[in-house]
Every structure is written in C-alpha cells, then in structure tokens.
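Student: As input, take upload-v8.csv (CSV, C-alpha atoms and all ligand atoms):
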```
chain,number,residue,atom,x,y,z
A,1,MET,CA,0.0,0.0,0.0
A,2,ASP,CA,2.7,2.5,-1.0
A,3,ALA,CA,0.7,4.4,-3.6
A,4,GLY,CA,-0.5,6.9,-1.1
A,5,ILE,CA,-3.8,8.5,-0.5
A,6,GLU,CA,-4.9,12.0,-1.3
A,7,ILE,CA,-6.9,13.8,1.4
A,8,LEU,CA,-9.7,16.2,0.4
A,9,GLU,CA,-10.0,18.5,3.4
A,10,VAL,CA,-13.7,19.4,3.7
A,11,GLY,CA,-13.6,21.4,7.0
A,12,PRO,CA,-14.0,24.9,5.5
A,13,ARG,CA,-17.2,23.8,3.7
A,14,ASP,CA,-18.7,20.6,5.0
A,15,GLY,CA,-17.4,21.3,8.5
A,16,LEU,CA,-18.6,24.9,8.8
A,17,GLN,CA,-21.8,24.6,6.7
A,18,ILE,CA,-24.1,23.6,9.5
A,19,ASP,CA,-22.1,25.0,12.4
A,20,PRO,CA,-24.1,27.4,14.7
A,21,VAL,CA,-21.1,29.7,14.6
A,22,ILE,CA,-20.7,31.8,11.5
A,23,LEU,CA,-17.0,32.5,11.2
A,24,PRO,CA,-15.8,35.9,9.8
A,25,THR,CA,-14.5,35.7,6.3
A,26,ASP,CA,-10.9,36.5,7.5
A,27,THR,CA,-11.1,33.6,9.9
A,28,LYS,CA,-12.1,31.2,7.1
A,29,ILE,CA,-9.2,32.5,5.0
A,30,GLU,CA,-6.8,31.9,7.9
A,31,LEU,CA,-8.2,28.4,8.4
A,32,ILE,CA,-7.6,27.5,4.8
A,33,SER,CA,-4.1,29.1,4.9
A,34,ARG,CA,-3.2,27.0,7.9
A,35,LEU,CA,-4.5,23.8,6.2
A,36,LEU,CA,-2.3,24.6,3.2
A,37,ALA,CA,0.7,25.2,5.5
A,38,ALA,CA,0.0,21.7,7.1
A,39,GLY,CA,0.5,20.2,3.6
A,40,LEU,CA,-3.1,19.7,2.4
A,41,LYS,CA,-3.2,20.2,-1.4
A,42,ARG,CA,-6.9,19.8,-2.0
A,43,ILE,CA,-9.4,21.7,0.0
A,44,GLU,CA,-13.2,22.2,-0.3
A,45,VAL,CA,-13.2,25.9,0.4
A,46,ALA,CA,-16.9,26.9,0.0
A,47,SER,CA,-20.2,26.0,-1.4
A,48,PHE,CA,-22.0,28.1,-4.0
A,49,VAL,CA,-25.6,27.7,-2.9
A,50,ASN,CA,-28.4,29.9,-2.0
A,51,PRO,CA,-27.1,32.2,0.8
A,52,ARG,CA,-30.6,32.5,2.3
A,53,LYS,CA,-30.6,28.7,2.8
A,54,VAL,CA,-27.0,28.4,3.9
A,55,PRO,CA,-25.9,31.8,5.5
A,56,GLN,CA,-22.6,30.2,6.7
A,57,MET,CA,-21.5,30.1,3.0
A,58,ALA,CA,-22.8,33.5,2.0
A,59,ASP,CA,-19.2,34.9,1.7
A,60,ALA,CA,-18.0,32.2,-0.7
A,61,GLU,CA,-16.7,34.7,-3.3
A,62,GLN,CA,-15.0,36.8,-0.7
A,63,VAL,CA,-13.2,33.8,0.8
A,64,LEU,CA,-11.9,32.8,-2.7
A,65,ALA,CA,-10.9,36.4,-3.3
A,66,GLY,CA,-8.8,36.5,-0.1
A,67,LEU,CA,-6.8,33.4,-1.0
A,68,THR,CA,-3.7,32.8,-3.1
A,69,ARG,CA,-3.7,29.3,-4.6
A,70,PRO,CA,-0.3,27.8,-4.6
A,71,GLU,CA,0.9,25.7,-7.6
A,72,GLY,CA,-0.5,22.2,-7.5
A,73,VAL,CA,-3.3,23.0,-5.1
A,74,HIS,CA,-7.0,22.5,-5.9
A,75,PHE,CA,-9.6,24.7,-4.4
A,76,THR,CA,-12.9,22.8,-4.7
A,77,GLY,CA,-16.3,24.5,-4.6
A,78,LEU,CA,-19.5,22.6,-4.0
A,79,VAL,CA,-22.3,23.4,-6.4
A,80,LEU,CA,-25.8,22.1,-6.8
A,81,ASN,CA,-26.6,23.4,-10.3
A,82,ARG,CA,-25.4,25.5,-13.3
A,83,ARG,CA,-25.9,28.8,-11.5
A,84,GLY,CA,-23.7,27.6,-8.6
A,85,PHE,CA,-21.1,26.3,-11.1
A,86,ASP,CA,-21.0,29.7,-12.8
A,87,ARG,CA,-20.3,31.4,-9.5
A,88,ALA,CA,-17.6,28.9,-8.5
A,89,ALA,CA,-15.9,29.3,-11.9
A,90,ALA,CA,-16.0,33.1,-11.7
A,91,ALA,CA,-14.7,33.0,-8.1
A,92,GLY,CA,-11.6,31.0,-9.3
A,93,CYS,CA,-12.3,27.4,-8.1
A,94,ASN,CA,-10.2,25.0,-10.2
A,95,GLU,CA,-12.3,22.0,-9.1
A,96,ILE,CA,-16.0,21.7,-8.6
A,97,GLY,CA,-17.9,19.0,-6.7
A,98,MET,CA,-21.5,18.2,-7.2
A,99,VAL,CA,-23.8,16.0,-5.3
A,100,VAL,CA,-26.3,13.4,-6.5
A,101,VAL,CA,-28.4,11.9,-3.8
A,102,ALA,CA,-28.9,8.1,-4.1
A,103,SER,CA,-32.4,8.0,-2.8
A,104,ASP,CA,-35.3,10.0,-4.3
A,105,THR,CA,-36.9,11.0,-1.0
A,106,PHE,CA,-33.7,12.5,0.4
A,107,SER,CA,-32.9,14.1,-3.0
A,108,VAL,CA,-36.2,15.9,-3.2
A,109,ARG,CA,-36.0,17.0,0.5
A,110,ASN,CA,-32.4,18.1,0.3
A,111,GLN,CA,-32.1,19.5,-3.2
A,112,GLY,CA,-35.7,19.8,-4.5
A,113,VAL,CA,-35.1,17.5,-7.4
A,114,SER,CA,-35.3,13.8,-8.0
A,115,THR,CA,-32.2,11.6,-8.3
A,116,GLU,CA,-32.8,11.4,-12.1
A,117,GLU,CA,-33.0,15.2,-12.4
A,118,SER,CA,-29.9,15.6,-10.3
A,119,ILE,CA,-28.0,13.2,-12.6
A,120,LEU,CA,-29.0,15.2,-15.6
A,121,GLY,CA,-27.9,18.4,-13.8
A,122,TRP,CA,-24.5,16.9,-13.0
A,123,LEU,CA,-23.9,15.8,-16.6
A,124,GLY,CA,-24.6,19.3,-17.8
A,125,VAL,CA,-22.4,21.0,-15.2
A,126,ALA,CA,-19.6,18.5,-15.8
A,127,ARG,CA,-19.5,19.2,-19.5
A,128,ALA,CA,-19.5,23.0,-18.8
A,129,ALA,CA,-16.6,22.5,-16.3
A,130,GLN,CA,-14.6,20.4,-18.7
A,131,GLU,CA,-15.1,23.1,-21.5
A,132,GLN,CA,-13.6,25.6,-19.1
A,133,GLY,CA,-10.7,23.4,-18.0
A,134,ILE,CA,-12.1,23.0,-14.5
A,135,ARG,CA,-11.9,19.6,-12.8
A,136,ALA,CA,-15.3,18.1,-12.1
A,137,GLN,CA,-16.1,15.4,-9.6
A,138,VAL,CA,-19.4,14.1,-8.2
A,139,THR,CA,-20.4,12.7,-4.8
A,140,ILE,CA,-23.2,10.1,-4.6
A,141,SER,CA,-24.6,10.9,-1.2
A,142,ALA,CA,-26.6,8.6,1.1
A,143,ALA,CA,-24.8,5.8,-0.8
A,144,PHE,CA,-24.8,3.6,2.3
A,145,GLY,CA,-28.2,4.4,3.8
A,146,CYS,CA,-31.0,7.0,3.6
A,147,PRO,CA,-32.6,8.7,6.6
A,148,PHE,CA,-36.0,8.4,5.0
A,149,GLU,CA,-35.9,5.2,2.9
A,150,GLY,CA,-33.5,3.2,5.0
A,151,GLU,CA,-31.2,0.8,3.1
A,152,VAL,CA,-30.2,2.0,-0.4
A,153,PRO,CA,-29.9,-1.0,-2.8
A,154,LEU,CA,-26.3,-1.5,-3.9
A,155,ALA,CA,-27.5,-2.0,-7.5
A,156,ARG,CA,-29.1,1.4,-7.5
A,157,VAL,CA,-25.9,3.1,-6.2
A,158,LEU,CA,-23.8,1.4,-8.9
A,159,GLU,CA,-26.3,2.4,-11.6
A,160,ILE,CA,-26.2,6.0,-10.5
A,161,ALA,CA,-22.4,5.9,-10.5
A,162,THR,CA,-22.4,4.4,-14.0
A,163,ARG,CA,-24.7,7.2,-15.3
A,164,CYS,CA,-22.6,9.8,-13.6
A,165,ALA,CA,-19.4,8.4,-15.2
A,166,GLU,CA,-20.8,9.0,-18.7
A,167,VAL,CA,-19.0,12.4,-18.8
A,168,GLU,CA,-15.7,10.9,-17.6
A,169,PRO,CA,-15.5,12.8,-14.3
A,170,PHE,CA,-12.2,13.4,-12.5
A,171,GLU,CA,-13.5,11.2,-9.7
A,172,ILE,CA,-16.6,9.6,-8.2
A,173,CYS,CA,-17.1,9.8,-4.5
A,174,PHE,CA,-19.4,7.5,-2.4
A,175,ALA,CA,-20.6,9.3,0.7
A,176,ASP,CA,-22.0,7.9,4.0
A,177,THR,CA,-23.9,11.2,4.6
A,178,ILE,CA,-25.7,10.0,7.7
A,179,GLY,CA,-22.9,7.8,9.2
A,180,VAL,CA,-24.5,4.4,9.1
A,181,ALA,CA,-22.0,2.4,7.0
A,182,VAL,CA,-19.8,-0.4,8.3
A,183,PRO,CA,-16.6,-1.7,6.7
A,184,SER,CA,-18.0,-4.8,5.1
A,185,GLN,CA,-20.5,-2.6,3.2
A,186,VAL,CA,-17.7,-0.3,2.1
A,187,THR,CA,-15.7,-3.2,0.8
A,188,GLU,CA,-18.6,-4.6,-1.1
A,189,LEU,CA,-19.6,-1.3,-2.8
A,190,LEU,CA,-16.0,-0.4,-3.7
A,191,THR,CA,-15.2,-3.9,-5.1
A,192,GLN,CA,-18.2,-3.8,-7.3
A,193,ALA,CA,-17.7,-0.1,-8.3
A,194,ARG,CA,-14.1,-0.9,-9.3
A,195,ALA,CA,-15.3,-3.8,-11.5
A,196,ARG,CA,-18.0,-1.7,-13.0
A,197,LEU,CA,-15.9,1.4,-13.6
A,198,PRO,CA,-12.4,0.4,-14.2
A,199,GLY,CA,-10.0,3.3,-14.5
A,200,THR,CA,-12.3,5.8,-12.7
A,201,ARG,CA,-10.8,7.4,-9.6
A,202,LEU,CA,-12.9,6.6,-6.6
A,203,ARG,CA,-13.1,8.6,-3.3
A,204,CYS,CA,-15.1,8.1,-0.1
A,205,HIS,CA,-16.7,10.4,2.4
A,206,PHE,CA,-17.3,9.0,5.9
A,207,HIS,CA,-19.0,10.3,9.0
A,208,ASN,CA,-18.2,9.1,12.5
A,209,THR,CA,-21.8,9.4,13.6
A,210,ARG,CA,-21.8,5.8,15.0
A,211,ASN,CA,-18.0,5.5,15.5
A,212,THR,CA,-17.5,3.5,12.3
A,213,GLY,CA,-16.0,6.3,10.2
A,214,ILE,CA,-12.3,5.6,10.7
A,215,ALA,CA,-12.8,1.8,10.2
A,216,ASN,CA,-14.7,2.5,7.0
A,217,ALA,CA,-11.8,4.7,5.9
A,218,TRP,CA,-9.4,1.8,6.4
A,219,ALA,CA,-11.7,-0.5,4.4
A,220,ALA,CA,-11.7,2.0,1.6
A,221,VAL,CA,-7.9,2.2,1.7
A,222,GLU,CA,-7.6,-1.5,1.4
A,223,CYS,CA,-9.9,-1.4,-1.6
A,224,GLY,CA,-7.6,1.1,-3.3
A,225,VAL,CA,-9.5,4.3,-3.3
A,226,SER,CA,-7.6,7.3,-4.6
A,227,ALA,CA,-8.8,9.8,-2.0
A,228,LEU,CA,-10.7,10.2,1.2
A,229,ASP,CA,-12.6,13.2,2.6
A,230,ALA,CA,-12.0,14.4,6.2
A,231,SER,CA,-12.5,17.5,8.2
A,232,VAL,CA,-10.0,19.2,10.5
A,233,GLY,CA,-10.9,18.4,14.1
A,234,GLY,CA,-13.8,16.3,12.8
A,235,ILE,CA,-16.0,19.4,12.7
A,236,GLY,CA,-19.3,19.2,10.8
A,237,GLY,CA,-22.3,17.5,12.2
A,238,CYS,CA,-24.8,15.0,10.7
A,239,PRO,CA,-28.1,16.8,10.1
A,240,PHE,CA,-30.0,13.6,10.8
A,241,ALA,CA,-28.3,12.8,14.1
A,242,PRO,CA,-28.1,16.2,15.7
A,243,ALA,CA,-26.3,15.0,18.9
A,244,ALA,CA,-23.6,13.1,16.9
A,245,THR,CA,-20.2,14.1,15.7
A,246,GLY,CA,-19.7,14.6,12.0
A,247,ASN,CA,-17.0,13.9,9.4
A,248,ILE,CA,-14.0,11.8,10.3
A,249,ALA,CA,-11.2,14.0,11.7
A,250,THR,CA,-8.4,14.7,9.3
A,251,GLU,CA,-5.7,14.3,12.0
A,252,ASP,CA,-7.2,11.0,13.2
A,253,LEU,CA,-7.1,9.7,9.6
A,254,ILE,CA,-3.5,11.0,9.0
A,255,TYR,CA,-2.3,9.3,12.2
A,256,MET,CA,-3.7,6.0,11.0
A,257,LEU,CA,-2.3,6.3,7.5
A,258,ASP,CA,1.1,7.6,8.7
A,259,ARG,CA,1.7,4.7,11.0
A,260,SER,CA,0.4,2.3,8.4
A,261,GLY,CA,2.9,3.5,5.9
A,262,VAL,CA,0.4,5.2,3.6
A,263,ALA,CA,1.8,8.4,2.3
A,264,THR,CA,-0.3,11.6,2.5
A,265,GLY,CA,2.2,14.4,2.6
A,266,VAL,CA,0.3,16.1,5.4
A,267,SER,CA,1.9,17.3,8.7
A,268,LEU,CA,0.2,15.8,11.7
A,269,ALA,CA,1.7,18.5,14.0
A,270,GLY,CA,0.4,21.3,11.7
A,271,LEU,CA,-3.1,19.8,11.8
A,272,ILE,CA,-3.2,19.4,15.5
A,273,GLU,CA,-2.1,23.0,15.9
A,274,THR,CA,-4.8,24.1,13.4
A,275,THR,CA,-7.5,22.1,15.3
A,276,LYS,CA,-6.5,23.8,18.6
A,277,TRP,CA,-6.7,27.2,16.9
A,278,LEU,CA,-10.0,26.3,15.3
A,279,GLN,CA,-11.5,25.3,18.7
A,280,ARG,CA,-10.7,28.8,20.0
A,281,GLN,CA,-12.5,30.3,17.0
A,282,LEU,CA,-15.6,28.1,17.4
A,283,GLY,CA,-15.6,28.4,21.2
A,284,ARG,CA,-15.9,24.7,21.8
A,285,GLU,CA,-14.0,21.4,21.7
A,286,ALA,CA,-13.7,19.7,18.3
A,287,PRO,CA,-14.9,16.0,18.2
A,288,GLY,CA,-11.7,14.5,16.8
A,289,MET,CA,-9.5,12.5,19.1
A,290,LEU,CA,-5.9,12.9,18.0
A,291,HIS,CA,-5.6,16.6,19.0
A,292,LYS,CA,-6.4,15.4,22.5
A,293,ALA,CA,-4.3,12.3,22.7
A,294,GLY,CA,-1.3,13.6,20.6
A,295,ASP,CA,0.9,11.9,18.2
A,296,PHE,CA,2.9,8.7,18.9
A,297,PRO,CA,6.1,9.2,17.0
A,298,LYS,CA,7.4,6.4,14.9
A,299,ARG,CA,10.9,6.6,16.1
A,300,ALA,CA,11.7,4.5,19.2
A,301,LEU,CA,11.7,6.5,22.4
A,302,GLN,CA,15.2,7.3,23.7
B,401,MG,MG,-19.9,15.4,5.6
```
Show the structure stored in the file as structure tokens.
Ligand code: MG

Tutor:
Amino acid sequence: MDAGIEILEVGPRDGLQIDPVILPTDTKIELISRLLAAGLKRIEVASFVNPRKVPQMADAEQVLAGLTRPEGVHFTGLVLNRRGFDRAAAAGCNEIGMVVVASDTFSVRNQGVSTEESILGWLGVARAAQEQGIRAQVTISAAFGCPFEGEVPLARVLEIATRCAEVEPFEICFADTIGVAVPSQVTELLTQARARLPGTRLRCHFHNTRNTGIANAWAAVECGVSALDASVGGIGGCPFAPAATGNIATEDLIYMLDRSGVATGVSLAGLIETTKWLQRQLGREAPGMLHKAGDFPKRALQ
C-alpha cells in the first residue's frame, strides 16, 4: 500500500456549513491558509448555494478572493446546479464538486429535485466545467443508507455511478452522509464499483456518527481508493443525528495512515495545531481525538 492516499479536506465547507457559529471571512481564510501550511493540497473551500438557505457560506466569493492558490493546489467549490457552477468558476475554483443523492426522497427534500433530475444536472455541469478546464467530480450521497428510505440498494448506487461516469468525471465519491456504513459494506460497494468502472478514480466520504467512520476509511484504503474526505478536528455534524459528531477528523485519519505506511504528505503536527486554533474560533471542543491524545512518534523513544 505504498501508492499513497490523497486527502480532500472538507472542513471549511462541509465542516462549517451547518455550524451554529458563522466565522468571519478573514477567519475562514486563515483556516484555509493554515491547512495549506500543514500540507493539504486539495481543500473544499466553500459552497456556492443559496445564501438564504446556507448563511454560513454567503461569503464564498470573498473567501476565494482572499486566498492565493499555490501551484499544484486544488480549491474545490461545492455546487448544486449550473448557477452555482458559474459562481464557482467566476470565483476561481479550479475544481467543482456536485452531489447526486442516491435516494429520491432524500434528494427531493435536500435539493428539491429527483435523483434522475440531479444526474442530468450533473452531466450538464460536468460538461461545462470540462469546457472551461475546471476539474469536475461528483459525490453520490446517502450511498450507504438514507434517513427516509433506510437501506439503499447497492445495485441502485452502482447504476447512479455508471450514469454519472458518462462524462468521464475526474472522480466519483461515495458518501455515507448520515454515518450508518460499516466496513464490510464499504468493501462490497467499492469492489463492485471498481469492477463496473475500471479506470475511474474513486473517493469516499465518511462520518463518525456511529463511530465506524475511521474503520470505514481503512476498508476504503484496502480497496484502493484514490482519495478520502476528512475535516480538520472532525467538525461538521450530521443533520440527521443532531447530537452526533460529524466527518472523520483529518488528523485522526492522517495518524492511522502515517503509522500504516500510507503516504499523505500532510503534517500531523500542523493539523493538531490548526484544530487547537479552530477550537478557539468556534468556542468549543472539536470532536476529533488525535488533537487530545497527541501523536505517537514512529521513532523509538530514547
Ligand atoms: Mg460530511
């Protein structure tokens, strides 16, 4: 397992999007700058959605305007439609991510469109992005379970992925949006997805809602995913489990990968420092564990 794993840091968007604290624009810019300094090269910086619905992301353009993108770095913007894509492109995102929800009920409630309409929307946005030289990737959310419909059939998830792959996206991500997946389910989905879509980069997005997120991440590593999502400090809740923690913490993931010999290029010390700083900005403790326990250096203790 020496090919390495790329981390897509989703804290500035997924982490902050449902946070009760709305951070000032300058603080968001500092957060992203600190993440870059820790070695992260792919960061979901904002979402370009209706600011009345998501006031936490109302300053998406200003955040991008305040950042300098180093060579080799990708700033991802989440978009839900063509209008959002046009905003992300104008703001300078060099990657966009779109979401297709695997179950119709969740899709209609979350995005106001059916899964089918959402797939068609993705295909259009992906083509527009490709014409402009912007990397386009899609996340199939609720791929491991839906809060309204329960189990989502594996065959349906694979069919959606196959449809989404028609435009040859940069990558397809399977997301456990509500944090119900277990490792055996991850292995089964990824094994079948790789057989169905050979040559397509696969990524996963896990939540630690039921404490299975990090185990799911390892299952995904063993299946050869190209990238994993994580958020600094584990910030970002699960809207369908209000009392639960959210995304897997980037530093917890890096610790596991580092000590397992999987290269990420990210500094654990820099991440821990950033989580401690972020806790002060949010005024509460972050749910991740590594920033509390600390690193366990590889070198033998003297
Ligand atoms: Mg998430």

Student: Mind checking which residues fall within 12 Å of Val152 of chain A, counting all atoms listed in the file, ignoring those fewer than 2 positions away in the same chain, and posting them as number ranges by chain?

Tutor: A: 101-106, 140-150, 154-160, 176, 180-181, 185, 189

Student: Write out as a PyMOL selection string each polymer residue whose atoms come within 9 Å of Ala286 of chain A, counting all atoms listed in the file; drop sequence neighbours fewer than 6 positions from it.

Tutor: chain A and resi 232-235+245+275-276+278-279

Student: Return the single residue from A:Pro198, A:Gly246, A:Pro55, A:Gly213 that is closest to Val225 of chain A, with distances computed using all atoms listed in the file.

Tutor: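 Among the listed residues, A:Pro198 lies closest to Val225 of chain A.
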
Student: Set the distance at 8 Å and use only C-alpha atoms: which residues neighbour segment 82-96 of chain A once local chain neighbours fewer than 3 positions away are removed? I'd like the list as a tab-separated table (two decimals) with C-alpha atoms, keeping the file's coordinate frame.

Tutor:
```tsv
chain	number	residue	atom	x	y	z
A	48	PHE	CA	-22.00	28.10	-4.00
A	49	VAL	CA	-25.60	27.70	-2.90
A	61	GLU	CA	-16.70	34.70	-3.30
A	64	LEU	CA	-11.90	32.80	-2.70
A	65	ALA	CA	-10.90	36.40	-3.30
A	74	HIS	CA	-7.00	22.50	-5.90
A	75	PHE	CA	-9.60	24.70	-4.40
A	76	THR	CA	-12.90	22.80	-4.70
A	77	GLY	CA	-16.30	24.50	-4.60
A	78	LEU	CA	-19.50	22.60	-4.00
A	79	VAL	CA	-22.30	23.40	-6.40
A	121	GLY	CA	-27.90	18.40	-13.80
A	124	GLY	CA	-24.60	19.30	-17.80
A	125	VAL	CA	-22.40	21.00	-15.20
A	129	ALA	CA	-16.60	22.50	-16.30
A	133	GLY	CA	-10.70	23.40	-18.00
A	134	ILE	CA	-12.10	23.00	-14.50
A	135	ARG	CA	-11.90	19.60	-12.80
A	136	ALA	CA	-15.30	18.10	-12.10
A	137	GLN	CA	-16.10	15.40	-9.60
```

Student: List all protein, DNA and RNA residues that have at least one atom no more than 9 Å from any atom of ligand MG 401 (chain B), counting all atoms listed in the file, and write them as a PyMOL selection string.

Tutor: chain A and resi 10-11+14-15+175-179+205-207+229-231+236-238+246-248

Student: Which residue out of A:Val167, A:Ile32, A:Val262, A:Ala269 has the minimum interatomic distance to Glu9 of chain A when only C-alpha atoms are used?

Tutor: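 Smallest distance to Glu9 of chain A is found for A:Ile32.
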
Student: Contacts of Ile29 of chain A at 8 Å or less, counting only C-alpha atoms, minus same-chain residues fewer than 5 places along, as a PyMOL selection string?

Tutor: chain A and resi 63+66-67

Student: Looking at A:Arg259, A:Lys292, A:Arg201, A:Lys53, which one is nearest to Ile18 of chain A, with distances taken over all atoms listed in the file?

Tutor: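 When distances to Ile18 of chain A are compared using all atoms listed in the file, the smallest one comes from A:Lys53.
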
Student: Report, in Å to a single decimal, how far apart atom CA of Thr200 of chain A and atom CA of Ile172 of chain A are.

Tutor: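 Between these atoms lies a distance of 7.3 Å.
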
Student: Please list as a PyMOL selection string every residue within 9 Å of Leu282 of chain A, counting all atoms listed in the file and excluding residues in the same chain fewer than 6 positions away.

Tutor: chain A and resi 19-23

Student: Just how far from atom CA of Ala227 of chain A is atom CA of Pro51 of chain A, in Å to one decimal?

Tutor: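 Value for the atom CA of Pro51 of chain A-atom CA of Ala227 of chain A distance: 29.1 Å.
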
Student: Counting only C-alpha atoms, figure out which residue out of A:Pro297, A:Arg13, A:Gly283, A:Asp26 gets nearest to Val45 of chain A.

Tutor: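 Answer, going by the shortest atom-to-atom distance: A:Arg13.
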
Student: Work out how far atom CA of Ile254 of chain A is from atom CA of Val266 of chain A, in Å to one decimal.

Tutor: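 Between these atoms lies a distance of 7.3 Å.
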
Student: Measuring atom to atom with all atoms listed in the file, identify which of A:Val100, A:Thr27, A:Lys41, A:Phe296 is nearest to Thr264 of chain A.

Tutor: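 Answer, going by the shortest atom-to-atom distance: A:Lys41.
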
Student: Of the candidates A:Arg284, A:Arg163, A:Arg203, A:His291, which shows the shortest atom-to-atom distance to Leu271 of chain A, using only C-alpha atoms?

Tutor: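 Counting only C-alpha atoms, the residue closest to Leu271 of chain A is A:His291.
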